[in-house]
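Each remark here refers to the structure printed beneath this line.
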Amino acid sequence: MIPSYSLASPRPLPFLSPYPPPKPTHTLDLPPSKTSKASPISHYNSLIRTHIESHRPSKALSLFNQLLLSTPTLHPDHFTFPLILKACAHLSSLKQTQQIHCFVLKSNAIPQHDVFILTSLINAYAECGSIDDARRVFDRMPERNTVTWNSVMSGLLKFGDITSAFRIFNEMPMRNIVSWNSLMAGYVKASLSYEAIVLFIELQVSGLKPDESTMVSLVSAISDLGLLDLGRRAHGYIARNGLPLDGALGVALITMYSKCGSIDASYRVFQLIPVKNVNHWSCIIGCLANHGQTENSLQVFSEMLHLGIRPNHITFVGVLNACRHSGSTEEGIKYFNLVKTFDIEPRIEHYGCLVDLLGRAGFLKEAMEIACNLSMDPGYVVWSTLLAACRNHGNVEIAETVAKKMIELDPDDGSPYVLISNIYAQVGRWEDFRKMRRRMEERRVMKVTGLSWIEVDGGVHEFAAGDKFHVKAKEIYCVLEEMTEILRWEGYRPVESADSGSRMGNNEEEDVRIESPIS
């Protein structure tokens, strides 16, 4: 722990820390020589900074310990504390941050209200998960600069407190581009995509010029809303201003075009990126998989390996998705086994793809066995995937077990009730169907309605299954009936499933046939 540092004492007591002072084993940690032109504390600061930049925060703390113990006349200065607080932030060590805070308050060697140090302290507290401490430091600061305001706002956004962050943003006496970027990114993370776009417009009015980070947030917001026309305009701005695509912005553009339904444009963006990293490759592999282009997705993956680019866990999620969308069970299992050959420990996303792959192919017992024997919690998504597979194959026995697990995980979600009742209806167990629907009513649980949207001539149209409130609902259903007749003539038939609504009359079987959609 940090020593008690008396206001009257020129030196601290021994530095009691979980990071003991290291024995000098190489020149990096050696104290400065007497012939060195740099001041001794500057030498220590440089070494501490080197450890932090090399991702060795524990070493940085140990060197700080060494500084306190080995040089009685040497005091940390106003450069030392921001560096060591950065090490604490990297380690998310709240206890160490609090001890450094006490050290700063008791030190005579530095001003207690040093803006640089206190701003670093706000960052450290936020990274350690103590936003209340960060806010207290901020509120007690007599002087603040723009970086200080940005730090506390970023901390609030990290914890999802959008309201407080927006209040801080409005109170800022001066904003820079980082201020706008932080709030835009916070909006996107909180799924407030429309608000992020409005904020971008306000940024342009302010006179500041958007940078790469700004455009990443804007493109991500457009992607979430599916606004293809606006996405093209954003792409045009990026091209005109020469913003590089070799980082996160390139990934955001590839994703945006894919989510907006233009996979060809997505692939063209990928091809135009001169220097591609693993994130670009992983992104296009996943996008092609989501659009059902399994062969192209796996071909890009093979090209990636041929070029010597090492895949990561996200790459394999895309590859496994490609296999499950096409029903390539054997190939999917082959790629799943390939994960560990790249020293990648399979994550829940990989197991989820494997369970879905096996479930779609009808290997429900094998999928159930994998889900039950995972070393990690399968989670709600894996169980819901397996339950959907049970519905598709009419396996009531496994479905009942899975539905029970899902209800235990989230008693307020109506999805497992609806899915298991649909399975009961599918196999003609109407009494069980009625019991499950009554149970839903007794517990007052409802299935959250899934919404879809489409952009037509610059306007976004949002709708749900069975939606009859659209201004052109009559015309839409006429076209749907025509499509249904064409599909019938082509040999397709309706998929019979129970109504997902809440009717509990005596004609459930009739309702099921009438309400059946075309899939």
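Residue numbering restarts at 1 for every chain of the structure tokens, chains are lettered A, B, ... in their displayed order, and ligands are numbered from 1 as they appear.
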Write down as a PyMOL selection string the residues of segment 56-296 of chain A whose backbone DSSP state falls under helix (DSSP H, G or I).
-> chain A and resi 57-70+80-91+94-106+115-127+131-139+146-158+162-171+177-189+193-206+212-225+228-240+248-259+263-272+278-290+294-296
Find, counting only C-alpha atoms, the residue in A:Leu419, A:Ala126, A:Gly250, A:Cys88 that gets nearest to Leu272 of chain A.
->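 Result for the nearest residue to Leu272 of chain A: A:Gly250.
Taking only C-alpha atoms into account, Arg443 of chain A lies nearest to A:Tyr417 out of the set A:Tyr417, A:Phe64, A:Val460, A:Val427.
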Selection: 7 Å around segment 397-410 of chain A, only C-alpha atoms, excl. self and same-chain fewer than 2 positions, as a ChimeraX atom specification = /A:380,383,387,390,395,412-413,416,420
Sorted by chain and rising residue number, which residues of segment 87-187 of chain A lie within 7 Å of segment 37-61 of chain A, and what are their closest atom pairs and distances in Å to one decimal, counting only C-alpha atoms, as a tab-separated table?
```
residue	atom	partner	partner_atom	distance
A:Ala87	CA	A:Pro57	CA	4.6
A:His90	CA	A:Pro57	CA	6.5
A:Leu91	CA	A:Pro57	CA	6.8
```
